[in-house]
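To start, the structure itself, in structure tokens.
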Protein chains: 2
Amino acid sequence: MTDRKRMSASAPIGVFDSGVGGLTVVREIMSQIPSERIVYFGDTARVPYGGKSKETITMYSEQIVRFLLQQGVKAIVVACNTASAYALDTLEKEIDIPIIGVVKPGAKTAAETTKNGRIGIIGTEGTVGSRIYEKYISKVAPNAQVVGKACPLFCPLVEEGLLDDPVTDEIARRYLEGLKGSGIDTLILGCTHYPLIRTTIGRIMGENVTLVNPAWETAHALKDLLSEEGILNPEATHESLLEHRFYVSDSAEKFSRFANTALKYENIFAKTVRIEEY
Amino acid sequence: MTDRKRMSASAPIGVFDSGVGGLTVVREIMSQIPSERIVYFGDTARVPYGGKSKETITMYSEQIVRFLLQQGVKAIVVACNTASAYALDTLEKEIDIPIIGVVKPGAKTAAETTKNGRIGIIGTEGTVGSRIYEKYISKVAPNAQVVGKACPLFCPLVEEGLLDDPVTDEIARRYLEGLKGSGIDTLILGCTHYPLIRTTIGRIMGENVTLVNPAWETAHALKDLLSEEGILNPEATHESLLEHRFYVSDSAEKFSRFANTALKYENIFAKTVRIEEY
């Protein structure tokens, strides 16, 4: 191991999302690679990304990546489907540390899971409209058919806490009706908020449709990537959450409350960053 | 009339909002003061404002005001309830042209409308949490009781086009249940999106509750203000929408489509502005 890599190995991993949803990816990373420190950035001042243009999302992602690089991260995870869909290609060209999104690992799993070659993908307008999942699925399973459906109300419903509610049921039924009729056997939860209403989605789609949550597969892919690059942290040094760092662009206090619930810890203290200045 | 005022009188009026909702205020201004030109800015890249902090909303509003001043506006209308609630006091101190929000005119009308002294206000978390309507109502009607209720799902439901839908009915019924039981006779629609579901809100509240839409009253207050300041444009020079200008922070194309529907014109061509640079 070279000095550079030894130094890199102990550096933290940068993870970013449009807001709080990326914490579901953080949770998976913490569980699968507990020796790694995380620097998280949630763009809570400019959330949501789902309905905004590629240009805007790319500009925002570039600012966040510049911020994370300044924090000395050794690798970056784009824990937001919309940012992965729109900005990952650009970001990859601009930086020289490893960067992965949630789309490619999710697409790979779905392509390997389907038996009848029919895969559904639900996400924001941006993610579904970009047809990015389709592109990656076709690399693994060229004959697979992919059906996309944007579900713009799922995020606000989840953020309002209506996780198990007749209104969410009704909206989900409308969104998923067409997908159910299309004969898919695999459905990608293409937005980090959707695992939180997984039960509702699963009940509507029925037991013959397998739900794929890209968060788990992303953490797995990250571990492989760090190994290949020789920058996996070999020492399980950290014992507490205090070594992780959380940053947001809006109020830190509001985020901390949510994060402590989502991650089931009680010692997250986020800091506010003026992300526009990066 | 001094030269400065004559010059001012022909200058446009700046109107801004977090996104497209402020167009309901623009429509009122166009109808009540047709001789005035408008420069509109919609912060579509950073929308919504409703759940974000006072610091963030104030910073965003300051950037937009700097942009509008550069466009040579003679007065500014804050056509967003959340920005009016959080940022207007600060903005007033920072600029030397007249600036008005939607809150004060709406509060005044409500205070003059109520007969039993009980007024309800619905809006975003920011607007309701700021208790700004209460403050202005108490100046006109010191004994009025004000009951507030945040309705965070109304904006996404309106933006999804569910204006007349059982789901919107059900959500509205939940949000408004408590207000209905509180004996109010006047309800302020404290968010520019809400007039679009006025029928649903009215049906639930019943015919004994008067709905107040601050957009109408704001346009009226603007006309009075321009008169008082001697900068009302005396000449009804403009004949077409081409003299109005529309700017947004995200995709101009998407906004133009919506704006042409909302304003029932077909010649709106918005431009994108990098608002972060102001």
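Quick note on naming: the chains in the structure tokens go A, B, ... in the order shown, residues restart at 1 in each chain, and ligands are numbered from 1 in order of appearance.
Backbone DSSP assigns strand (DSSP E or B) in stretch 112-254 of chain B to Arg118, Ile119, Gly120, Ile121, Ile122, Gly123, Gln145, Val146, Val147, Gly148, Lys149, Ala150, Thr186, Leu187, Ile188, Leu189, Thr210, Leu211, Val212, Arg245, Phe246, Tyr247 and Val248 of chain B.
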Residue neighbourhood A:Gly106, 7 Å, only C-alpha atoms, exclusion window fewer than 5 positions, as a JSON list (two decimals) with C-alpha atoms, in the first residue's frame:
```json
[["chain", "number", "residue", "atom", "x", "y", "z"],
["A", 212, "VAL", "CA", -35.48, -3.64, -5.36],
["A", 213, "ASN", "CA", -34.08, -1.02, -2.97],
["A", 214, "PRO", "CA", -30.91, 0.45, -4.51],
["A", 217, "GLU", "CA", -26.84, -2.61, -3.34]]
```
Within 6 Å of chain B, which residues of chain A are there when counting only C-alpha atoms? Please give them as a PyMOL selection string. chain A and resi 46+53+251
For those residues, write C-alpha atoms to a file as a compact mmCIF listing (two decimals), in the first residue's frame.
```
# COMPACT_ATOMS: atom_id res chain seq x y z
CA ARG A 46 -32.95 23.64 -2.23
CA SER A 53 -33.93 20.70 -14.70
CA SER A 251 -31.56 24.74 9.35
```
Which neighbours of stretch 61-75 of chain B fall inside 8 Å, counting only C-alpha atoms, when residues of the same chain fewer than 6 positions from it are skipped, and could you give them as a list in words? Ser8, Ala9, Ala11, Pro12, Ile13, Gly14, Phe16, Val39, Phe41, Ala83, Ala87, Leu91, Ile97, Pro98, Ile99, Ile231, Ile275, Glu276, Glu277 and Tyr278 of chain B
Can you pull out every residue within 9 Å of stretch 100-102 of chain B, counting only C-alpha atoms, but drop anything in the same chain fewer than 6 positions away, and send it as an mmCIF file with C-alpha atoms, in the first residue's frame?
```cif
data_model
loop_
_atom_site.group_PDB
_atom_site.id
_atom_site.type_symbol
_atom_site.label_atom_id
_atom_site.label_comp_id
_atom_site.auth_asym_id
_atom_site.auth_seq_id
_atom_site.Cartn_x
_atom_site.Cartn_y
_atom_site.Cartn_z
ATOM 1 C CA VAL B 25 -51.053 37.976 -7.783
ATOM 2 C CA ALA B 75 -41.672 49.146 -6.488
ATOM 3 C CA ILE B 76 -41.608 45.520 -5.357
ATOM 4 C CA VAL B 77 -44.415 43.094 -4.478
ATOM 5 C CA VAL B 78 -43.467 40.048 -2.418
ATOM 6 C CA ALA B 79 -46.093 37.724 -3.896
ATOM 7 C CA CYS B 80 -45.194 34.824 -1.618
ATOM 8 C CA ASN B 81 -46.674 34.450 1.838
ATOM 9 C CA ALA B 83 -41.201 35.327 2.022
ATOM 10 C CA SER B 84 -43.582 38.085 3.189
ATOM 11 C CA ALA B 85 -43.733 36.470 6.624
ATOM 12 C CA LEU B 88 -40.296 41.639 4.428
ATOM 13 C CA GLU B 92 -37.910 47.142 3.906
ATOM 14 C CA GLY B 190 -52.439 32.361 3.174
ATOM 15 C CA PRO B 214 -54.890 38.227 -0.273
ATOM 16 C CA ALA B 215 -53.993 38.486 -3.998
ATOM 17 C CA GLU B 217 -56.329 43.013 -1.832
ATOM 18 C CA THR B 218 -52.584 43.170 -2.530
ATOM 19 C CA ALA B 219 -53.147 44.488 -6.049
ATOM 20 C CA ALA B 221 -53.010 48.087 -1.922
ATOM 21 C CA LEU B 222 -50.320 48.350 -4.599
ATOM 22 C CA LEU B 225 -49.310 52.868 -2.696
#
```
Enumerate the residues of stretch 87-143 of chain B with a DSSP assignment of alpha helix (DSSP H), computed from the backbone, and present them as number ranges by chain. B: 87-94, 103-113, 125-130, 132-140
Restricting the output to N, CA and C atoms, write the selected residues as an mmCIF file, in the first residue's frame.
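File written: part_4.cif
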```
data_model
loop_
_atom_site.group_PDB
_atom_site.id
_atom_site.type_symbol
_atom_site.label_atom_id
_atom_site.label_comp_id
_atom_site.auth_asym_id
_atom_site.auth_seq_id
_atom_site.Cartn_x
_atom_site.Cartn_y
_atom_site.Cartn_z
ATOM 1 N N ALA B 87 -39.222 37.640 5.482
ATOM 2 C CA ALA B 87 -38.169 38.526 4.971
ATOM 3 C C ALA B 87 -38.581 39.984 4.797
ATOM 4 N N LEU B 88 -39.878 40.283 4.795
ATOM 5 C CA LEU B 88 -40.296 41.639 4.428
ATOM 6 C C LEU B 88 -39.714 42.714 5.343
ATOM 7 N N ASP B 89 -39.713 42.469 6.649
ATOM 8 C CA ASP B 89 -39.178 43.460 7.596
ATOM 9 C C ASP B 89 -37.735 43.804 7.261
ATOM 10 N N THR B 90 -36.945 42.780 6.954
ATOM 11 C CA THR B 90 -35.532 42.990 6.616
ATOM 12 C C THR B 90 -35.402 43.743 5.298
ATOM 13 N N LEU B 91 -36.151 43.311 4.299
ATOM 14 C CA LEU B 91 -36.062 43.924 2.968
ATOM 15 C C LEU B 91 -36.428 45.410 3.020
ATOM 16 N N GLU B 92 -37.472 45.748 3.793
ATOM 17 C CA GLU B 92 -37.910 47.142 3.906
ATOM 18 C C GLU B 92 -36.786 48.059 4.356
ATOM 19 N N LYS B 93 -35.955 47.532 5.256
ATOM 20 C CA LYS B 93 -34.854 48.359 5.792
ATOM 21 C C LYS B 93 -33.723 48.513 4.794
ATOM 22 N N GLU B 94 -33.636 47.583 3.841
ATOM 23 C CA GLU B 94 -32.464 47.546 2.970
ATOM 24 C C GLU B 94 -32.619 48.315 1.662
ATOM 25 N N VAL B 103 -49.137 39.648 2.992
ATOM 26 C CA VAL B 103 -49.680 39.361 4.318
ATOM 27 C C VAL B 103 -50.501 40.522 4.877
ATOM 28 N N LYS B 104 -49.925 41.726 4.836
ATOM 29 C CA LYS B 104 -50.581 42.876 5.461
ATOM 30 C C LYS B 104 -51.942 43.172 4.814
ATOM 31 N N PRO B 105 -52.027 43.241 3.469
ATOM 32 C CA PRO B 105 -53.337 43.471 2.855
ATOM 33 C C PRO B 105 -54.340 42.360 3.181
ATOM 34 N N GLY B 106 -53.868 41.112 3.190
ATOM 35 C CA GLY B 106 -54.756 39.983 3.504
ATOM 36 C C GLY B 106 -55.256 40.057 4.941
ATOM 37 N N ALA B 107 -54.351 40.417 5.848
ATOM 38 C CA ALA B 107 -54.706 40.524 7.271
ATOM 39 C C ALA B 107 -55.732 41.628 7.482
ATOM 40 N N LYS B 108 -55.512 42.759 6.799
ATOM 41 C CA LYS B 108 -56.428 43.903 6.941
ATOM 42 C C LYS B 108 -57.844 43.533 6.476
ATOM 43 N N THR B 109 -57.928 42.900 5.319
ATOM 44 C CA THR B 109 -59.242 42.488 4.803
ATOM 45 C C THR B 109 -59.928 41.529 5.756
ATOM 46 N N ALA B 110 -59.174 40.567 6.258
ATOM 47 C CA ALA B 110 -59.762 39.581 7.167
ATOM 48 C C ALA B 110 -60.293 40.275 8.425
ATOM 49 N N ALA B 111 -59.490 41.200 8.959
ATOM 50 C CA ALA B 111 -59.893 41.909 10.182
ATOM 51 C C ALA B 111 -61.165 42.726 9.943
ATOM 52 N N GLU B 112 -61.301 43.254 8.716
ATOM 53 C CA GLU B 112 -62.495 44.063 8.393
ATOM 54 C C GLU B 112 -63.699 43.188 8.033
ATOM 55 N N THR B 113 -63.418 41.938 7.667
ATOM 56 C CA THR B 113 -64.493 41.038 7.217
ATOM 57 C C THR B 113 -65.184 40.327 8.374
ATOM 58 N N GLU B 125 -45.903 25.870 6.623
ATOM 59 C CA GLU B 125 -45.363 25.815 7.989
ATOM 60 C C GLU B 125 -44.720 27.144 8.380
ATOM 61 N N GLY B 126 -43.970 27.722 7.415
ATOM 62 C CA GLY B 126 -43.264 28.977 7.683
ATOM 63 C C GLY B 126 -44.225 30.104 7.973
ATOM 64 N N THR B 127 -45.218 30.268 7.109
ATOM 65 C CA THR B 127 -46.173 31.368 7.255
ATOM 66 C C THR B 127 -46.967 31.231 8.549
ATOM 67 N N VAL B 128 -47.501 30.040 8.803
ATOM 68 C CA VAL B 128 -48.329 29.847 9.994
ATOM 69 C C VAL B 128 -47.471 29.940 11.258
ATOM 70 N N GLY B 129 -46.287 29.303 11.218
ATOM 71 C CA GLY B 129 -45.399 29.314 12.385
ATOM 72 C C GLY B 129 -44.913 30.708 12.759
ATOM 73 N N SER B 130 -44.810 31.600 11.787
ATOM 74 C CA SER B 130 -44.315 32.960 12.053
ATOM 75 C C SER B 130 -45.339 33.812 12.801
ATOM 76 N N ILE B 132 -47.359 35.803 11.657
ATOM 77 C CA ILE B 132 -47.302 37.149 11.112
ATOM 78 C C ILE B 132 -48.705 37.709 10.841
ATOM 79 N N TYR B 133 -49.624 36.850 10.375
ATOM 80 C CA TYR B 133 -50.990 37.326 10.126
ATOM 81 C C TYR B 133 -51.617 37.829 11.423
ATOM 82 N N GLU B 134 -51.364 37.079 12.495
ATOM 83 C CA GLU B 134 -51.875 37.448 13.816
ATOM 84 C C GLU B 134 -51.411 38.856 14.212
ATOM 85 N N LYS B 135 -50.137 39.098 13.954
ATOM 86 C CA LYS B 135 -49.547 40.392 14.309
ATOM 87 C C LYS B 135 -50.255 41.541 13.580
ATOM 88 N N TYR B 136 -50.454 41.381 12.273
ATOM 89 C CA TYR B 136 -51.082 42.457 11.502
ATOM 90 C C TYR B 136 -52.572 42.569 11.786
ATOM 91 N N ILE B 137 -53.232 41.433 12.024
ATOM 92 C CA ILE B 137 -54.667 41.477 12.347
ATOM 93 C C ILE B 137 -54.878 42.244 13.652
ATOM 94 N N SER B 138 -53.976 42.001 14.618
ATOM 95 C CA SER B 138 -54.166 42.636 15.933
ATOM 96 C C SER B 138 -54.041 44.158 15.860
ATOM 97 N N LYS B 139 -53.361 44.667 14.815
ATOM 98 C CA LYS B 139 -53.243 46.122 14.672
ATOM 99 C C LYS B 139 -54.568 46.743 14.241
ATOM 100 N N VAL B 140 -55.363 45.975 13.470
ATOM 101 C CA VAL B 140 -56.659 46.482 12.983
ATOM 102 C C VAL B 140 -57.775 46.077 13.946
#
```
Which neighbours of B:Arg118 fall inside 6 Å, counting only C-alpha atoms, when residues of the same chain fewer than 2 positions from it are skipped, and could you give them as number ranges by chain? B: 116, 144-145, 184
